[in-house]
Protein chains: 2
Amino acid sequence: MPFEIQAEIASFGGKLFKLAHQSTETTTPMAVNLFLPPQALTNLTNPSSASSKTKVPLLIYLSGLTCTPNNCSEKGFFQHRASALGLAILYPDTSPRGLNYPGESDAWDFGVGAGFYLDAVQPPWNKGYRMASYISRELPDTLFGDPKFGAVLDQERVSITGHSMGGHGALTAYLREPGRYRSVSAFAPVANPSRCAWGRKAFGGYLGGEEEEGGGKWKEYDATELVKGWKGGDLKALVDVGTEDGFYKQGQLLPENLEKAAKEAGVEGLTVRYQEGYDHSYYFMATFADDHVNHAAKHLGLL
Amino acid sequence: MPFEIQAEIASFGGKLFKLAHQSTETTTPMAVNLFLPPQALTNLTNPSSASSKTKVPLLIYLSGLTCTPNNCSEKGFFQHRASALGLAILYPDTSPRGLNYPGESDAWDFGVGAGFYLDAVQPPWNKGYRMASYISRELPDTLFGDPKFGAVLDQERVSITGHSMGGHGALTAYLREPGRYRSVSAFAPVANPSRCAWGRKAFGGYLGGEEEEGGGKWKEYDATELVKGWKGGDLKALVDVGTEDGFYKQGQLLPENLEKAAKEAGVEGLTVRYQEGYDHSYYFMATFADDHVNHAAKHLGLL
């Protein structure tokens, strides 16, 4: 089923499309924003001109706790550099909305706006809270199969990035399926959720029990655990963390654990940068957005 | 009285300071954001190193209806280019807050968040709604007199810009005092308020009567009227308007009237660009923020 286009907004020479579609994974309507750079707009109006040569690659951006597709579209400034290089950007939502499960909206770090990009196994969350399958399967299949947008996007060239909970989502989606994405990057990611309060609450609720229980499910969604088994070669991963990030200081992010695990596993190609004085906000994101777009562009054949 | 620093946020290599101070013009506490580029931070920590050579120039940005100092700080993208060039940016608020006049918060286009950058003469607004004097006198005097920030800013090099109601504010502040600002620019400005619904409502309420009445006050705050009497030479003015801007289509902005008046008055140096497909939002602002920073920088001796 094609996307319903709810708005078209000119941005940095390209266009931001506010889209909606019915998801079978989440069983709800899902909002998603798609930025197309100027290089893709010609093909959009004249699909016959689209070829594997002129189709643009895609960077998927996963948002953090409480965010919708609009937050980073408005504040992240990915469009600035993506427009110059000819890169499309996809901004999905952070959870199903409207399931109305008991307590679904009681906390900002669990339930609505906090899907943690995993497939839940605990009821009632196992019905609808399937953001891992939504992000890695249903959404790209729908996008690349869309008569309008599928014609201008190169489904062979896709990278992924994200912020905070979305950084966890990007790293785990990448590590779970070597080769599916060309590169990964993350801003202030929850890099070892099994060891932090946010992650333990979410994993306990969605996956069940404690780390040792839950059928080993926790390890399947923890970047620090997944990197230990990485067999995909050079990791092609860039991570930025602000030294004044309150959540980093609280031990919610634990990027050092990811670095240590990668080092001990002999996995190369992980660059973690500690940015002096930066916090957890979109001010931090916007400052380094160009760097993350360049990182993806390099592995997507644009640089 | 120095500013109270409520937050310091790293942004594009510089720092955004969220400030507050008690205003005598508005009779209320006023919030204001100040972005200092990296070039100014050295002087900030070591004031003795500050000299007329190392002090940075200032661009004042006036926000549109309903905005606070945070909207453009987060979404406007001015810090990106200002940081590269060494330009400070000041983001004032759009009205007094907390006077609690009857009906002050009933409408989004009059009262709180809608001060229209004029000095009201009609009671009760004449007490507090004095944004013209606040922006052009009290705020810069307080900033340049501040022991911390005054030491790193060059009060001889100041330009002004703004969006929508703030574009009106920037153009009128500039046109009312030739020589006070080095240059002016505006995004989708309310360019002829005496002839649009927003302006007629605000001027009627704050200044009184109809255009012909109100003691000719309306003309003092209408860029299209003021440009007719401009004696400051080359106007050094850049204006961008989106062709898909709903308010432009409704006749709230009327940039053509400003162009026509300048032309008929023989005033040169006004560049109005109609940006194909752009709307009234911060997506439009962010896209052309670099251009407006460059315009100011050229006249502030940075380019």
# chains A, B, ... in the order shown; residues from 1 in each chain; ligands from 1
>>> interface_residues(of="chain B", to="chain A", cutoff="7 Å", atoms="only C-alpha atoms", output="list in words")
Ala10, Ser11, Phe12, Glu74, Lys75, Gly277, Tyr278, Tyr283, Phe284 and Thr287 of chain B
>>> write_last_selection(atoms="N, CA and C atoms", output="PDB file, in the first residue's frame")
ATOM      1  N   ALA B  10      26.735  23.939  24.505  1.00  0.00           N
ATOM      2  CA  ALA B  10      27.702  23.891  23.400  1.00  0.00           C
ATOM      3  C   ALA B  10      26.955  23.746  22.080  1.00  0.00           C
ATOM      4  N   SER B  11      27.350  24.563  21.082  1.00  0.00           N
ATOM      5  CA  SER B  11      26.684  24.538  19.781  1.00  0.00           C
ATOM      6  C   SER B  11      27.659  24.981  18.694  1.00  0.00           C
ATOM      7  N   PHE B  12      27.911  24.100  17.725  1.00  0.00           N
ATOM      8  CA  PHE B  12      28.772  24.424  16.585  1.00  0.00           C
ATOM      9  C   PHE B  12      30.112  25.030  17.007  1.00  0.00           C
ATOM     10  N   GLU B  74      17.042  26.816  18.235  1.00  0.00           N
ATOM     11  CA  GLU B  74      17.008  25.369  17.981  1.00  0.00           C
ATOM     12  C   GLU B  74      16.843  25.015  16.515  1.00  0.00           C
ATOM     13  N   LYS B  75      16.092  25.844  15.776  1.00  0.00           N
ATOM     14  CA  LYS B  75      15.689  25.451  14.418  1.00  0.00           C
ATOM     15  C   LYS B  75      16.222  26.338  13.305  1.00  0.00           C
ATOM     16  N   GLY B 277       8.719  27.614  -4.019  1.00  0.00           N
ATOM     17  CA  GLY B 277       8.259  26.427  -3.305  1.00  0.00           C
ATOM     18  C   GLY B 277       8.405  26.462  -1.786  1.00  0.00           C
ATOM     19  N   TYR B 278       9.067  27.479  -1.249  1.00  0.00           N
ATOM     20  CA  TYR B 278       9.278  27.519   0.199  1.00  0.00           C
ATOM     21  C   TYR B 278       8.085  28.108   0.944  1.00  0.00           C
ATOM     22  N   TYR B 283      11.874  25.512   8.303  1.00  0.00           N
ATOM     23  CA  TYR B 283      12.539  24.768   7.213  1.00  0.00           C
ATOM     24  C   TYR B 283      13.034  25.768   6.166  1.00  0.00           C
ATOM     25  N   PHE B 284      12.232  26.774   5.904  1.00  0.00           N
ATOM     26  CA  PHE B 284      12.596  27.855   4.977  1.00  0.00           C
ATOM     27  C   PHE B 284      13.741  28.677   5.573  1.00  0.00           C
ATOM     28  N   THR B 287      17.131  26.909   5.624  1.00  0.00           N
ATOM     29  CA  THR B 287      17.695  26.759   4.278  1.00  0.00           C
ATOM     30  C   THR B 287      18.508  27.982   3.862  1.00  0.00           C
TER      31      THR B 287
END
>>> select_by_dssp(residues="range 55-252 of chain B", states="alpha helix (DSSP H)", output="ChimeraX atom specification")
/B:69-75,78-85,131-133,139-144,165-176,197-206,217-220,223-226,246-249
>>> write_last_selection(atoms="C-alpha atoms", output="PDB file, in the first residue's frame")
ATOM      1  CA  PRO B  69      14.179  32.996  22.157  1.00  0.00           C
ATOM      2  CA  ASN B  70      14.428  29.203  21.858  1.00  0.00           C
ATOM      3  CA  ASN B  71      12.607  28.547  18.573  1.00  0.00           C
ATOM      4  CA  CYS B  72      15.230  30.003  16.257  1.00  0.00           C
ATOM      5  CA  SER B  73      18.097  28.987  18.530  1.00  0.00           C
ATOM      6  CA  GLU B  74      17.008  25.369  17.981  1.00  0.00           C
ATOM      7  CA  LYS B  75      15.689  25.451  14.418  1.00  0.00           C
ATOM      8  CA  PHE B  78      22.255  30.550  12.255  1.00  0.00           C
ATOM      9  CA  GLN B  79      24.933  29.103  14.569  1.00  0.00           C
ATOM     10  CA  HIS B  80      26.297  26.962  11.725  1.00  0.00           C
ATOM     11  CA  ARG B  81      27.670  29.843   9.651  1.00  0.00           C
ATOM     12  CA  ALA B  82      28.059  32.348  12.518  1.00  0.00           C
ATOM     13  CA  SER B  83      30.480  29.941  14.190  1.00  0.00           C
ATOM     14  CA  ALA B  84      32.610  29.663  11.045  1.00  0.00           C
ATOM     15  CA  LEU B  85      32.798  33.449  10.584  1.00  0.00           C
ATOM     16  CA  MET B 131       9.620  46.366  22.518  1.00  0.00           C
ATOM     17  CA  ALA B 132      11.028  49.031  20.155  1.00  0.00           C
ATOM     18  CA  SER B 133      12.883  50.756  22.994  1.00  0.00           C
ATOM     19  CA  LEU B 139      18.793  45.234  25.594  1.00  0.00           C
ATOM     20  CA  PRO B 140      21.968  46.278  23.706  1.00  0.00           C
ATOM     21  CA  ASP B 141      22.910  48.705  26.496  1.00  0.00           C
ATOM     22  CA  THR B 142      22.514  45.898  29.021  1.00  0.00           C
ATOM     23  CA  LEU B 143      24.441  43.436  26.865  1.00  0.00           C
ATOM     24  CA  PHE B 144      27.356  45.706  26.006  1.00  0.00           C
ATOM     25  CA  MET B 165       6.705  39.828  12.648  1.00  0.00           C
ATOM     26  CA  GLY B 166      10.424  39.865  13.480  1.00  0.00           C
ATOM     27  CA  GLY B 167      11.234  40.759   9.879  1.00  0.00           C
ATOM     28  CA  HIS B 168       8.959  43.762  10.327  1.00  0.00           C
ATOM     29  CA  GLY B 169      10.778  44.494  13.593  1.00  0.00           C
ATOM     30  CA  ALA B 170      14.216  44.281  11.959  1.00  0.00           C
ATOM     31  CA  LEU B 171      13.285  46.437   8.939  1.00  0.00           C
ATOM     32  CA  THR B 172      11.619  49.139  11.044  1.00  0.00           C
ATOM     33  CA  ALA B 173      14.387  49.231  13.701  1.00  0.00           C
ATOM     34  CA  TYR B 174      16.880  49.637  10.850  1.00  0.00           C
ATOM     35  CA  LEU B 175      14.908  52.229   8.872  1.00  0.00           C
ATOM     36  CA  ARG B 176      14.029  54.319  11.962  1.00  0.00           C
ATOM     37  CA  ALA B 197      -4.759  42.090   8.810  1.00  0.00           C
ATOM     38  CA  TRP B 198      -2.002  41.250  11.330  1.00  0.00           C
ATOM     39  CA  GLY B 199      -0.625  44.775  11.229  1.00  0.00           C
ATOM     40  CA  ARG B 200      -3.958  46.612  11.323  1.00  0.00           C
ATOM     41  CA  LYS B 201      -5.050  44.602  14.361  1.00  0.00           C
ATOM     42  CA  ALA B 202      -1.743  45.161  16.184  1.00  0.00           C
ATOM     43  CA  PHE B 203      -1.358  48.838  15.257  1.00  0.00           C
ATOM     44  CA  GLY B 204      -4.990  49.554  16.111  1.00  0.00           C
ATOM     45  CA  GLY B 205      -4.589  47.915  19.503  1.00  0.00           C
ATOM     46  CA  TYR B 206      -1.153  49.218  20.434  1.00  0.00           C
ATOM     47  CA  LYS B 217       2.059  56.633  14.691  1.00  0.00           C
ATOM     48  CA  TRP B 218       1.337  53.828  12.200  1.00  0.00           C
ATOM     49  CA  LYS B 219       3.789  55.281   9.669  1.00  0.00           C
ATOM     50  CA  GLU B 220       6.584  55.179  12.266  1.00  0.00           C
ATOM     51  CA  ALA B 223       8.742  49.577   6.686  1.00  0.00           C
ATOM     52  CA  THR B 224       6.986  50.489   3.439  1.00  0.00           C
ATOM     53  CA  GLU B 225       6.212  53.977   4.790  1.00  0.00           C
ATOM     54  CA  LEU B 226       9.628  54.431   6.420  1.00  0.00           C
ATOM     55  CA  GLY B 246       0.517  30.775   3.086  1.00  0.00           C
ATOM     56  CA  PHE B 247       0.773  34.145   4.828  1.00  0.00           C
ATOM     57  CA  TYR B 248       2.402  35.668   1.752  1.00  0.00           C
ATOM     58  CA  LYS B 249      -0.482  34.340  -0.349  1.00  0.00           C
TER      59      LYS B 249
END
>>> select_by_dssp(residues="range 65-255 of chain B", states="strand (DSSP E or B)", output="compact mmCIF listing (two decimals) with N, CA, C and O atoms, in the first residue's frame")
# COMPACT_ATOMS: atom_id res chain seq x y z
N ALA B 88 28.56 36.78 16.72
CA ALA B 88 27.67 36.48 17.84
C ALA B 88 26.23 36.73 17.39
O ALA B 88 25.98 37.57 16.53
N ILE B 89 25.27 35.99 17.96
CA ILE B 89 23.87 36.17 17.61
C ILE B 89 23.04 36.31 18.88
O ILE B 89 23.21 35.56 19.84
N LEU B 90 22.16 37.33 18.87
CA LEU B 90 21.30 37.59 20.02
C LEU B 90 19.85 37.27 19.63
O LEU B 90 19.36 37.74 18.60
N TYR B 91 19.19 36.44 20.45
CA TYR B 91 17.81 36.04 20.21
C TYR B 91 16.91 36.57 21.31
O TYR B 91 16.73 35.91 22.35
N PRO B 92 16.31 37.76 21.15
CA PRO B 92 15.41 38.30 22.18
C PRO B 92 14.04 37.62 22.14
O PRO B 92 13.73 36.86 21.22
N ALA B 107 -5.26 35.95 22.11
CA ALA B 107 -4.99 35.77 20.67
C ALA B 107 -3.51 35.49 20.44
O ALA B 107 -2.66 35.96 21.19
N PHE B 110 -1.79 38.99 18.95
CA PHE B 110 -1.82 40.25 19.70
C PHE B 110 -1.57 39.96 21.17
O PHE B 110 -2.06 38.97 21.69
N GLY B 111 -0.77 40.79 21.83
CA GLY B 111 -0.48 40.57 23.25
C GLY B 111 0.76 39.70 23.42
O GLY B 111 1.76 39.87 22.71
N ALA B 114 3.40 38.62 20.79
CA ALA B 114 3.06 39.40 19.60
C ALA B 114 3.24 40.91 19.85
O ALA B 114 2.36 41.71 19.59
N ASP B 119 6.63 50.67 20.43
CA ASP B 119 6.31 51.21 21.75
C ASP B 119 4.84 51.60 21.74
O ASP B 119 4.45 52.56 21.06
N ARG B 130 6.79 47.88 25.20
CA ARG B 130 7.73 48.87 24.64
C ARG B 130 8.91 48.14 24.01
O ARG B 130 10.08 48.38 24.35
N LEU B 153 32.17 41.51 22.99
CA LEU B 153 31.33 41.92 21.86
C LEU B 153 31.68 43.33 21.40
O LEU B 153 31.93 44.21 22.22
N ASP B 154 31.69 43.55 20.08
CA ASP B 154 32.02 44.86 19.51
C ASP B 154 30.73 45.64 19.26
O ASP B 154 30.03 45.41 18.28
N GLN B 155 30.43 46.59 20.17
CA GLN B 155 29.16 47.32 20.05
C GLN B 155 29.14 48.27 18.86
O GLN B 155 28.10 48.84 18.54
N GLU B 156 30.29 48.43 18.20
CA GLU B 156 30.33 49.28 17.00
C GLU B 156 29.91 48.52 15.75
O GLU B 156 29.68 49.12 14.70
N ARG B 157 29.84 47.19 15.85
CA ARG B 157 29.48 46.38 14.68
C ARG B 157 28.27 45.51 15.00
O ARG B 157 28.41 44.41 15.53
N VAL B 158 27.09 46.03 14.68
CA VAL B 158 25.84 45.33 14.97
C VAL B 158 24.95 45.36 13.72
O VAL B 158 24.78 46.41 13.10
N SER B 159 24.42 44.20 13.34
CA SER B 159 23.41 44.12 12.28
C SER B 159 22.16 43.49 12.84
O SER B 159 22.16 42.97 13.96
N ILE B 160 21.07 43.55 12.07
CA ILE B 160 19.80 43.04 12.58
C ILE B 160 19.06 42.27 11.50
O ILE B 160 19.19 42.56 10.30
N THR B 161 18.34 41.22 11.91
CA THR B 161 17.55 40.40 11.00
C THR B 161 16.32 39.89 11.75
O THR B 161 16.20 40.12 12.96
N GLY B 162 15.40 39.23 11.04
CA GLY B 162 14.24 38.69 11.72
C GLY B 162 13.31 37.95 10.78
O GLY B 162 13.50 37.98 9.55
N HIS B 163 12.32 37.28 11.36
CA HIS B 163 11.40 36.44 10.61
C HIS B 163 9.96 36.87 10.84
O HIS B 163 9.54 37.05 12.00
N VAL B 184 20.66 45.06 7.28
CA VAL B 184 19.41 44.45 7.72
C VAL B 184 19.05 43.32 6.76
O VAL B 184 19.38 43.37 5.58
N SER B 185 18.39 42.29 7.29
CA SER B 185 17.81 41.27 6.41
C SER B 185 16.54 40.75 7.07
O SER B 185 16.29 40.99 8.26
N ALA B 186 15.71 40.09 6.26
CA ALA B 186 14.44 39.59 6.80
C ALA B 186 13.97 38.38 6.03
O ALA B 186 14.15 38.28 4.82
N PHE B 187 13.38 37.45 6.77
CA PHE B 187 12.73 36.27 6.19
C PHE B 187 11.23 36.52 6.27
O PHE B 187 10.68 36.74 7.36
N ALA B 237 20.03 45.81 2.34
CA ALA B 237 18.90 45.00 2.83
C ALA B 237 18.68 43.76 1.96
O ALA B 237 18.62 43.87 0.74
N LEU B 238 18.58 42.60 2.62
CA LEU B 238 18.28 41.35 1.93
C LEU B 238 16.97 40.78 2.49
O LEU B 238 16.82 40.68 3.72
N VAL B 239 16.03 40.47 1.60
CA VAL B 239 14.74 39.91 2.03
C VAL B 239 14.47 38.63 1.24
O VAL B 239 14.61 38.60 0.02
N ASP B 240 14.11 37.54 1.95
CA ASP B 240 13.70 36.30 1.30
C ASP B 240 12.24 36.02 1.63
O ASP B 240 11.83 36.16 2.78
N VAL B 241 11.48 35.62 0.61
CA VAL B 241 10.08 35.25 0.80
C VAL B 241 9.82 33.96 0.02
O VAL B 241 10.25 33.83 -1.13
N GLY B 242 9.14 33.00 0.63
CA GLY B 242 8.81 31.74 -0.05
C GLY B 242 7.55 31.89 -0.88
O GLY B 242 6.56 32.45 -0.40
>>> atom_distance(atom1="CA of Glu264 in chain B", atom2="CA of Gly229 in chain B")
11.0 Å
>>> residues_around(residues="Ala7 in chain B", least_positions_apart="3", cutoff="9 Å", atoms="only C-alpha atoms", output="list of chain:residue names")
B:Leu16, B:Phe17, B:Lys18, B:Leu19
>>> atom_distance(atom1="CA of Leu59 in chain B", atom2="CA of Asn46 in chain B")
22.8 Å
>>> atom_distance(atom1="CA of His292 in chain A", atom2="CA of His292 in chain B")
25.4 Å
